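> Got a structure for you, written out below as structure tokens; questions coming shortly.
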Amino acid sequence: MIMKALIKEFEHILGKNNVFQDETDRATYSYDAAVLDSALPSLVLRPTSSETLGRVVGLCNEQALPLTVRGAGTNLSGGTIPQAGGVVVLTNALNRIIEINEEDLYAVVEPGVVTASFAAAVEARGLFYPPDPGSQAVSTLGGNVAENAGGLRGLRYGVTRDYVLGFQFFDVNGELVKTGARTVKCVTGYNLGGLLVGSEGTLGIFDQITLKLIPMPPARKALMAIFNDINKASETVAAIIAHRIVPVTLEFMDNFTIRAVEDFSRAGLPVDAAALLLIEVDGHPHQVEEEAAKVEALCRQMGARHIRVAKDAAERDKVWEARRAALSALSRIKPTTVLEDATVPRSKIPAMIRSIEEIAKEFNVTIGTFGHAGDGNLHPTILTDRRNQEEWERVEKAIDAIFDRALALGGTLSGEHGIGLAKSRFLEKETNRATILYSRRIKAALDPKNILNPGKIIGD
Ligand SMILES: Cc1cc2nc3c(=O)[nH]c(=O)nc-3n(C[C@H](O)[C@H](O)[C@H](O)COP(=O)(O)OP(=O)(O)OC[C@H]3O[C@@H](n4cnc5c(N)ncnc54)[C@H](O)[C@@H]3O)c2cc1C
């Protein structure tokens, strides 16, 4: 338990209102969106300025107090489950958009800014911030950078990393370190961004972040390709890529997910379809028409039974909202929802989808599959009840089998959700012992007392 004198010191830095000791408050921050055991922190702290964030980090280090920083807690890998007895540091009061620069196309933000609010503020100036994780209505930019989050537009526009021009962060001593710039190009110093983006709060705490903006494309068009055969849908994904067409978005949903989503959102999805592809193209109006026609022709050629083109923005947005609700819709069905993130080279999408179906049968578990198929990134979502020990053992075996299959197909354990606690034991399968030891040496050099989000990614 944390000493009274130390609590007083945190209260002195942050004000009493921003230091939470009640068990209810602590329990609120003891878990996140991953299916893992919770752990109760001793204290929850809410800095309201950059300066106090740095002082909190420095004090935690001085006291060897494990520190887990938390944005919205929507990560799916246990990245914000604190060390029992440690502290949770919230970023929700660090939520200012400091600058949107229309001349040089960048913005400077605090880490607790909500992703969708930022995207809307930028859009109001005719600019575009493409990374759009399904959780964007609540996720924070700090959390996005720490997870290197992807989203529905990753196929054409890339992931969060591609929009980080620079940032300042607190090292474990609470010293402010700076990397990158407000310029398009910058090779000053080590590429600390390469190390810190995706580091899940284990190497430093993001303070201000400078993000690249791009012009808003003038036209968009969304299509829904409806298939009676799941294999034909997955083969169409591979065919679109092989034909050098790069839509903004190329999402996949199997029948189980379509039915769950339709039940939840009433967006008019065809519940009898074996699978759907949700596709969007953007750019100049002429180019959009041309690309949409190419995509439509290819989908028909590959066996789509019908193509629906969204007739206006409202219809388009309704379908995208429904897609973003896929996880929420599936998670209503059973008490426990395990969403996986296996990712394969795009040409292997048909093989991966077939494998997921086989794994569901082999282990007799319910799996709904959807995801960013154009990125090779699928979310097989297992619906279960963790209290049922016998079923849970089968679920764990199915998860192992999904990872093994993704790796055998030349893929990766995580396309976007990070490793956190949930997948750290699988890391060696994809890399090797030397990689883990090398990473641990970096961690030990930068955080000798191992207080920054201990146990995540590389274990202890
Ligand atoms: C319904 C749903 C849909 C989702 N869809 C997507 C998707 O499409 N694509 C995708 O990539 N992910 C998706 N996710 C996962 C998740 O939303 C992302 O990982 C997101 O980036 C997490 O943001 P957050 O603010 O919730 O971060 P948190 O969950 O609070 O934190 C995530 C990690 O970042 C660290 N962190 C947070 N702030 C800082 C900081 N200031 N400095 C250093 N480290 C920090 C934390 O310690 C933790 O390790 C989804 C999750 C849900 C629940």
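Letters A, B, ... mark the chains of the structure tokens in the order given; residue numbers begin at 1 per chain; ligand numbers begin at 1, in order shown.
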Give me, as a PyMOL selection string, the set of residues whose atoms come within 7 Å of any atom of ligand 1, counting only C-alpha atoms and all ligand atoms.

chain A and resi 32-33+68-76+79-80+91+111-112+132-136+138-152+200-201+204-207+324-325+327-328+416-417+420+453

> Taking the DSSP assignment computed from this structure's backbone, write out as a VMD selection string all residues of stretch 61-293 of chain A that belong to helix (DSSP H, G or I).

chain A and resid 61 to 62 115 to 123 141 to 147 154 to 157 160 to 163 192 to 196 230 to 242 255 to 265 285 to 293

> Work out how far apart atom CA of A:Leu407 and atom CA of A:Val159 are and give it in Å to one decimal.

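Atom-to-atom, atom CA of A:Leu407 and atom CA of A:Val159 are spaced 21.4 Å apart.
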
> Using only C-alpha atoms, which protein or nucleic acid residues come within 12 Å of A:Gly459? Drop anything in the same chain fewer than 2 positions from it, and give the result as a ChimeraX atom specification.

/A:79,202,419-428,436-437,439-440,443,450,453-457

> Using only C-alpha atoms, which residue out of A:Ala406, A:Ile382, A:Ala233, A:Val319 lies closest to A:Ser355?

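Distance minimum relative to A:Ser355 lands on A:Ala406.
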
> Which residue gives the smallest distance to A:Arg156 among A:Val365, A:Ile245, A:Val87, A:Ala360, with only C-alpha atoms counted?

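So, comparing all the options, the nearest one is A:Ile245.
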
> Nearest to A:Val288: which of A:Leu94, A:Val177, A:Val246, A:Ala314 is it, counting only C-alpha atoms?

A:Val246
